[in-house]
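What follows is the content of entry.txt (compact mmCIF, C-alpha atoms).
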```txt
# COMPACT_ATOMS: atom_id res chain seq x y z
CA MET A 142 19.84 -92.98 7.30
CA ALA A 143 17.58 -95.96 7.58
CA PHE A 144 16.98 -95.82 3.83
CA GLU A 145 19.71 -96.49 1.33
CA ALA A 146 18.34 -94.54 -1.61
CA LEU A 147 15.24 -92.88 -2.95
CA ASP A 148 13.37 -93.93 -6.06
CA ASP A 149 12.83 -90.82 -8.20
CA GLU A 150 9.40 -91.88 -9.47
CA ASN A 151 7.86 -93.09 -6.26
CA MET A 152 9.82 -90.96 -3.81
CA GLY A 153 10.25 -94.16 -1.90
CA PRO A 154 13.19 -96.37 -1.15
CA GLU A 155 14.80 -98.23 -4.00
CA THR A 156 16.21 -100.63 -1.50
CA VAL A 157 15.85 -100.73 2.23
CA VAL A 158 18.30 -102.01 4.77
CA GLU A 159 16.41 -105.18 5.57
CA GLU A 160 17.58 -106.72 8.80
CA GLU A 161 15.62 -109.23 10.79
CA ARG A 162 14.63 -107.69 14.09
CA LEU A 163 13.03 -109.48 16.99
CA GLN A 164 11.04 -108.29 19.97
CA TYR A 165 12.68 -108.42 23.38
CA VAL A 166 10.98 -107.44 26.63
CA ASP A 167 13.16 -106.52 29.60
CA PRO A 168 11.71 -108.68 32.40
CA GLU A 169 12.53 -106.12 35.08
CA THR A 170 11.14 -102.98 33.43
CA ASN A 171 8.55 -104.50 31.03
CA GLN A 172 10.07 -102.28 28.32
CA LEU A 173 9.88 -103.59 24.75
CA TYR A 174 12.91 -103.41 22.44
CA TRP A 175 13.57 -104.47 18.86
CA LEU A 176 16.91 -106.25 18.59
CA SER A 177 18.99 -107.68 15.80
CA LYS A 178 19.00 -111.47 15.65
CA GLU A 179 22.52 -111.55 17.10
CA GLN A 180 21.57 -109.29 20.01
CA TRP A 181 18.42 -111.31 20.64
CA GLU A 182 20.32 -114.61 20.66
CA ASP A 183 22.86 -113.19 23.10
CA LEU A 184 20.09 -112.37 25.55
CA ASN A 185 18.14 -115.57 25.04
CA GLY A 186 21.04 -117.97 24.96
CA MET B 264 -12.04 -49.25 57.31
CA SER B 265 -10.63 -52.32 55.63
CA THR B 266 -10.47 -52.68 51.86
CA SER B 267 -10.25 -55.60 49.40
CA THR B 268 -7.56 -56.51 46.94
CA THR B 269 -8.61 -56.27 43.30
CA LYS B 270 -7.87 -59.80 42.08
CA LEU B 271 -8.58 -62.18 44.97
CA GLY B 272 -10.63 -60.04 47.33
CA LEU B 273 -8.20 -60.40 50.22
CA THR B 274 -9.02 -58.20 53.20
CA LYS B 275 -6.59 -55.36 53.85
CA PRO B 276 -6.87 -53.53 57.20
CA ALA B 277 -6.91 -49.81 57.35
CA ALA B 278 -4.21 -47.95 59.22
CA GLY B 279 -4.53 -48.62 62.95
CA GLU B 280 -7.19 -51.28 62.42
CA ALA B 281 -6.84 -54.66 64.18
CA TYR B 282 -5.90 -57.49 61.84
CA SER B 283 -7.46 -60.55 63.45
CA ARG B 284 -6.50 -64.21 63.07
CA SER B 285 -9.84 -64.90 61.36
CA VAL B 286 -9.04 -62.36 58.68
CA ILE B 287 -5.61 -63.90 58.14
CA ASN B 288 -7.10 -67.41 57.95
CA ASN B 289 -9.80 -66.27 55.54
CA ASN B 290 -7.19 -64.69 53.32
CA SER B 291 -5.18 -67.94 53.39
CA ASP B 292 -8.26 -69.94 52.32
CA ILE B 293 -8.93 -67.56 49.45
CA ILE B 294 -5.34 -67.88 48.25
CA ASP B 295 -5.47 -71.68 48.59
CA ASN B 296 -8.69 -71.93 46.58
CA TYR B 297 -7.25 -69.69 43.92
CA ALA B 298 -4.21 -71.96 43.64
CA ILE B 299 -6.41 -75.06 43.31
CA ASN B 300 -8.70 -73.49 40.73
CA THR B 301 -6.08 -71.88 38.57
CA VAL B 302 -2.43 -72.77 39.15
CA GLU B 303 -3.06 -76.52 39.46
CA LYS B 304 -5.04 -76.49 36.22
CA LEU B 305 -2.30 -74.92 34.17
CA ALA B 306 -0.61 -76.98 31.46
CA LYS B 307 2.47 -78.72 32.82
CA GLY B 308 4.09 -79.18 29.42
CA ARG B 309 5.89 -82.25 28.14
CA ASN B 310 5.49 -85.01 30.71
CA LEU B 311 7.17 -87.76 28.70
CA LYS B 312 9.48 -87.92 25.71
CA THR B 313 10.99 -91.16 24.43
CA LEU B 314 13.05 -91.44 21.25
CA THR B 315 13.85 -94.74 19.60
CA THR B 316 16.66 -95.00 17.07
CA ALA B 317 16.30 -98.57 15.83
CA ASN B 318 13.96 -100.08 13.26
CA SER B 319 11.12 -102.32 14.31
CA GLY B 320 10.73 -105.74 12.82
CA ALA B 321 8.59 -106.28 9.73
CA VAL B 322 4.91 -106.27 10.69
CA GLY B 323 2.28 -108.02 8.59
CA GLY B 324 -1.32 -108.96 9.31
CA THR B 325 -0.76 -109.58 13.01
CA LEU B 326 -1.33 -106.66 15.36
CA THR B 327 2.13 -105.93 16.79
CA VAL B 328 3.45 -103.69 19.54
CA ILE B 329 6.07 -101.33 18.13
CA ASN B 330 6.86 -99.64 21.44
CA ASN B 331 5.44 -99.29 24.91
CA VAL B 332 5.63 -97.05 27.96
CA PRO B 333 5.38 -99.48 30.90
CA SER B 334 3.70 -97.01 33.28
CA PHE B 335 2.35 -93.48 33.14
CA THR B 336 0.04 -91.69 35.59
CA PHE B 337 -2.65 -89.40 34.20
CA LYS B 338 -3.77 -86.88 36.83
CA ALA B 339 -7.47 -86.41 37.48
CA GLY B 340 -9.34 -83.99 35.25
CA MET B 341 -6.33 -83.03 33.16
CA GLU B 342 -6.26 -83.17 29.38
CA TYR B 343 -3.34 -85.05 27.83
CA THR B 344 -2.24 -85.73 24.26
CA ILE B 345 -0.32 -88.92 23.50
CA ILE B 346 1.72 -88.48 20.32
CA TRP B 347 3.44 -91.01 18.08
CA ASP B 348 5.44 -89.40 15.29
CA PHE B 349 7.50 -91.65 13.01
CA GLN B 350 8.61 -92.77 9.57
CA TYR B 351 7.88 -96.12 8.07
CA TYR B 352 8.75 -98.32 5.14
CA GLY B 353 5.91 -100.28 3.57
CA SER B 354 5.34 -102.91 0.95
CA ILE B 355 1.72 -103.53 0.09
CA THR B 356 -0.77 -103.97 -2.76
CA ASN B 357 -4.23 -102.44 -2.52
CA GLY B 358 -4.58 -102.34 1.20
CA TYR B 359 -3.84 -100.28 4.27
CA PHE B 360 -1.82 -100.14 7.42
CA GLU B 361 -3.31 -99.16 10.74
CA PHE B 362 -1.27 -97.35 13.38
CA THR B 363 -2.79 -97.34 16.85
CA ILE B 364 -2.23 -95.73 20.24
CA ALA B 365 -3.74 -97.82 23.02
CA THR B 366 -3.61 -98.19 26.79
CA CYS B 367 -3.76 -101.26 28.99
CA SER B 368 -2.95 -102.47 32.48
CA THR B 369 0.61 -101.99 33.74
CA ALA B 370 0.50 -105.68 34.66
CA ASP B 371 0.24 -106.73 31.00
CA GLY B 372 3.34 -107.89 29.16
CA ALA B 373 4.91 -105.33 26.83
CA GLY B 374 4.35 -107.40 23.68
CA VAL B 375 0.79 -108.52 24.52
CA THR B 376 -1.97 -107.24 22.22
CA THR B 377 -5.00 -108.20 24.29
CA GLY B 378 -6.73 -106.10 26.94
CA LEU B 379 -6.18 -102.93 24.96
CA THR B 380 -8.27 -99.78 25.04
CA VAL B 381 -7.76 -98.02 21.72
CA ARG B 382 -7.28 -94.27 22.15
CA ASN B 383 -6.87 -93.32 18.51
CA GLN B 384 -5.86 -94.75 15.13
CA ARG B 385 -4.64 -93.51 11.78
CA ILE B 386 -4.57 -95.53 8.59
CA ARG B 387 -2.28 -95.29 5.58
CA SER B 388 -3.78 -96.77 2.45
CA VAL B 389 -2.22 -97.83 -0.84
CA GLN B 390 -4.59 -97.98 -3.78
CA GLU B 391 -2.43 -99.84 -6.22
CA GLY B 392 1.09 -100.84 -6.98
CA GLY B 393 2.78 -103.13 -4.57
CA SER B 394 6.19 -101.63 -4.74
CA SER B 395 7.93 -100.50 -1.63
CA PHE B 396 7.42 -96.97 -0.43
CA THR B 397 8.21 -94.75 2.51
CA ASP B 398 6.18 -92.17 4.34
CA SER B 399 5.79 -90.51 7.71
CA ALA B 400 2.82 -90.61 10.04
CA ARG B 401 1.65 -88.95 13.22
CA VAL B 402 -1.00 -90.32 15.55
CA GLU B 403 -2.40 -88.18 18.35
CA ALA B 404 -4.70 -89.45 21.07
CA PRO B 405 -6.47 -87.05 23.45
CA VAL B 406 -7.15 -88.60 26.86
CA THR B 407 -8.54 -87.44 30.19
CA PHE B 408 -9.64 -89.29 33.31
CA GLY B 409 -11.91 -88.39 36.22
CA SER B 410 -9.44 -89.68 38.81
CA ASP B 411 -5.70 -90.32 38.91
CA THR B 412 -5.12 -93.28 36.56
CA THR B 413 -1.93 -95.26 35.96
CA LEU B 414 -1.74 -97.21 32.70
CA GLN B 415 0.68 -98.76 30.26
CA LEU B 416 0.84 -97.08 26.83
CA LYS B 417 1.22 -99.14 23.67
CA PHE B 418 1.95 -98.10 20.10
CA LEU B 419 0.93 -100.71 17.55
CA ALA B 420 0.94 -101.41 13.83
CA GLN B 421 -0.91 -103.86 11.62
CA LEU B 422 -1.50 -104.54 7.96
CA VAL B 423 -5.27 -104.78 7.80
CA ALA B 424 -6.05 -105.72 4.20
CA ASN B 425 -4.14 -107.70 1.60
CA SER B 426 -0.53 -108.76 1.90
CA GLY B 427 2.63 -106.88 2.68
CA THR B 428 4.71 -105.62 5.56
CA VAL B 429 5.48 -102.39 7.35
CA VAL B 430 8.60 -101.42 9.29
CA VAL B 431 8.75 -98.40 11.59
CA VAL B 432 12.14 -97.03 10.66
CA ALA B 433 14.29 -94.93 12.94
CA ASP B 434 17.88 -93.98 13.44
CA ALA B 435 19.83 -91.33 15.29
CA SER B 436 19.07 -88.62 12.74
CA ALA B 437 15.38 -89.48 12.42
CA PRO B 438 14.19 -91.08 15.66
CA ALA B 439 10.63 -92.22 16.27
CA LEU B 440 8.99 -89.98 18.88
CA TYR B 441 6.73 -91.10 21.72
CA ILE B 442 5.38 -88.13 23.66
CA VAL B 443 2.83 -87.28 26.33
CA ASP B 444 1.88 -83.61 26.66
CA HIS B 445 -0.06 -82.24 29.65
CA LEU B 446 -2.54 -79.62 28.43
CA GLY B 447 -4.08 -78.71 31.77
CA ASP B 448 -7.76 -78.00 32.42
CA GLN B 449 -10.16 -75.20 31.67
CA ILE B 450 -9.92 -72.46 34.28
```
Output the file's structure in the form of structure tokens.
Amino acid sequence: MAFEALDDENMGPETVVEEERLQYVDPETNQLYWLSKEQWEDLNG
Amino acid sequence: MSTSTTKLGLTKPAAGEAYSRSVINNNSDIIDNYAINTVEKLAKGRNLKTLTTANSGAVGGTLTVINNVPSFTFKAGMEYTIIWDFQYYGSITNGYFEFTIATCSTADGAGVTTGLTVRNQRIRSVQEGGSSFTDSARVEAPVTFGSDTTLQLKFLAQLVANSGTVVVVADASAPALYIVDHLGDQI
């Protein structure tokens, strides 16, 4: 799951897996993706 | 003496009666018109279904593209529904998020937020607090065009008031859905 746990009172996440994600657009297809920083750096040198 | 069919009024010759080319052609035209006026207007079902299984980045006060469909052709006169169904994680105090379905030129870059035509929006407001929370949302945009129209679809998020962030969350067991349904036309 994208959420680690639920807060009983708020029915929301107690903590969330926070990972920096960056936009990447495939230049051939014009399709947008969200990548991890490592994936993004691999594609952008 | 010839007779007519019940539904389309096609001419049926009587026994021994000549069945001329003009009658055959007329019957063909009637069938063709029936196909145009009925069969072509029927709903064609789910034209597009895209599932994403990765979170977006954290979105704040800047309008941000969460996902796009680079090109989709809407056929003339047909009713379509664009659907965005997803979960999100938010952190905000006294404010609201806005989730938007928009269209733009296929020549526009995927991450560009100018040149948009907004098709529909839904907001999610938080009256107090400021703690993190999760929820799900569904935005539906009805669209129809008078002629065949090819556009890019964009799905966007923005924190409109106060401070905070929102993340569209998705994984393999709870993907974000991006759908276009063809609803046909009135017959």
Find the nearest atom pair between each residue of chain B and chain A for residues within 12 Å, count all atoms listed in the file, give distances in Å to one decimal, sort rows by chain and ascending number, and present the table as a tab-separated table.
```
residue	atom	partner	partner_atom	distance
B:Thr313	CA	A:Gln172	CA	11.8
B:Thr315	CA	A:Tyr174	CA	9.2
B:Thr316	CA	A:Ala143	CA	9.6
B:Ala317	CA	A:Trp175	CA	7.2
B:Asn318	CA	A:Trp175	CA	7.1
B:Ser319	CA	A:Trp175	CA	5.6
B:Gly320	CA	A:Arg162	CA	4.5
B:Ala321	CA	A:Arg162	CA	7.6
B:Val322	CA	A:Arg162	CA	10.4
B:Thr327	CA	A:Gln164	CA	9.8
B:Val328	CA	A:Leu173	CA	8.3
B:Ile329	CA	A:Leu173	CA	8.0
B:Asn330	CA	A:Leu173	CA	6.0
B:Asn331	CA	A:Leu173	CA	6.2
B:Val332	CA	A:Gln172	CA	6.9
B:Pro333	CA	A:Asn171	CA	5.9
B:Ser334	CA	A:Asn171	CA	9.2
B:Gln350	CA	A:Ala143	CA	9.7
B:Tyr351	CA	A:Ala143	CA	9.7
B:Tyr352	CA	A:Pro154	CA	7.9
B:Gly353	CA	A:Gly153	CA	9.3
B:Ser354	CA	A:Gly153	CA	10.4
B:Ser368	CA	A:Asn171	CA	11.8
B:Thr369	CA	A:Asn171	CA	8.8
B:Ala370	CA	A:Asn171	CA	8.9
B:Asp371	CA	A:Asn171	CA	8.6
B:Gly372	CA	A:Asn171	CA	6.5
B:Ala373	CA	A:Asn171	CA	5.6
B:Gly374	CA	A:Leu173	CA	6.8
B:Val375	CA	A:Leu173	CA	10.3
B:Gly392	CA	A:Asn151	CA	10.3
B:Gly393	CA	A:Asn151	CA	11.4
B:Ser394	CA	A:Asn151	CA	8.8
B:Ser395	CA	A:Pro154	CA	6.7
B:Phe396	CA	A:Gly153	CA	4.3
B:Thr397	CA	A:Gly153	CA	4.9
B:Asp398	CA	A:Gly153	CA	7.7
B:Ser399	CA	A:Gly153	CA	11.2
B:Gln415	CA	A:Asn171	CA	9.8
B:Leu416	CA	A:Gln172	CA	10.7
B:Lys417	CA	A:Leu173	CA	9.8
B:Phe418	CA	A:Leu173	CA	10.7
B:Leu419	CA	A:Leu173	CA	11.8
B:Thr428	CA	A:Glu159	CA	11.7
B:Val429	CA	A:Glu159	CA	11.4
B:Val430	CA	A:Glu159	CA	9.4
B:Val431	CA	A:Ala143	CA	10.0
B:Val432	CA	A:Ala143	CA	6.3
B:Ala433	CA	A:Ala143	CA	6.4
B:Asp434	CA	A:Ala143	CA	6.2
B:Ala435	CA	A:Met142	CA	8.2
B:Ser436	CA	A:Met142	CA	7.0
B:Ala437	CA	A:Met142	CA	7.6
B:Pro438	CA	A:Ala143	CA	10.0
B:Ala439	CA	A:Ala143	CA	11.7
```
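Taking CA of Thr363 (chain B) and CA of Gln390 (chain B) as the two end points, the separation is 20.7 Å.
The spacing separating CA of Ala404 (chain B) from CA of Glu361 (chain B) amounts to 14.2 Å.
The space between CA of Val406 (chain B) and CA of Gly323 (chain B) spans 28.3 Å.
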Please provide as a short mmCIF file (atom, residue, chain, number, x, y, z; two decimals) with C-alpha atoms, in the frame of the given file all residues within 9 Å of region 292-309 of chain B, with the sequence filter that same-chain residues fewer than 5 positions apart are discarded (counting only C-alpha atoms).
```cif
data_model
loop_
_atom_site.label_atom_id
_atom_site.label_comp_id
_atom_site.auth_asym_id
_atom_site.auth_seq_id
_atom_site.Cartn_x
_atom_site.Cartn_y
_atom_site.Cartn_z
CA LEU B 271 -8.58 -62.18 44.97
CA GLY B 272 -10.63 -60.04 47.33
CA LEU B 273 -8.20 -60.40 50.22
CA ILE B 287 -5.61 -63.90 58.14
CA GLY B 340 -9.34 -83.99 35.25
CA MET B 341 -6.33 -83.03 33.16
CA GLU B 342 -6.26 -83.17 29.38
CA ILE B 442 5.38 -88.13 23.66
CA VAL B 443 2.83 -87.28 26.33
CA ASP B 444 1.88 -83.61 26.66
CA HIS B 445 -0.06 -82.24 29.65
CA LEU B 446 -2.54 -79.62 28.43
CA GLY B 447 -4.08 -78.71 31.77
CA ASP B 448 -7.76 -78.00 32.42
CA GLN B 449 -10.16 -75.20 31.67
CA ILE B 450 -9.92 -72.46 34.28
#
```
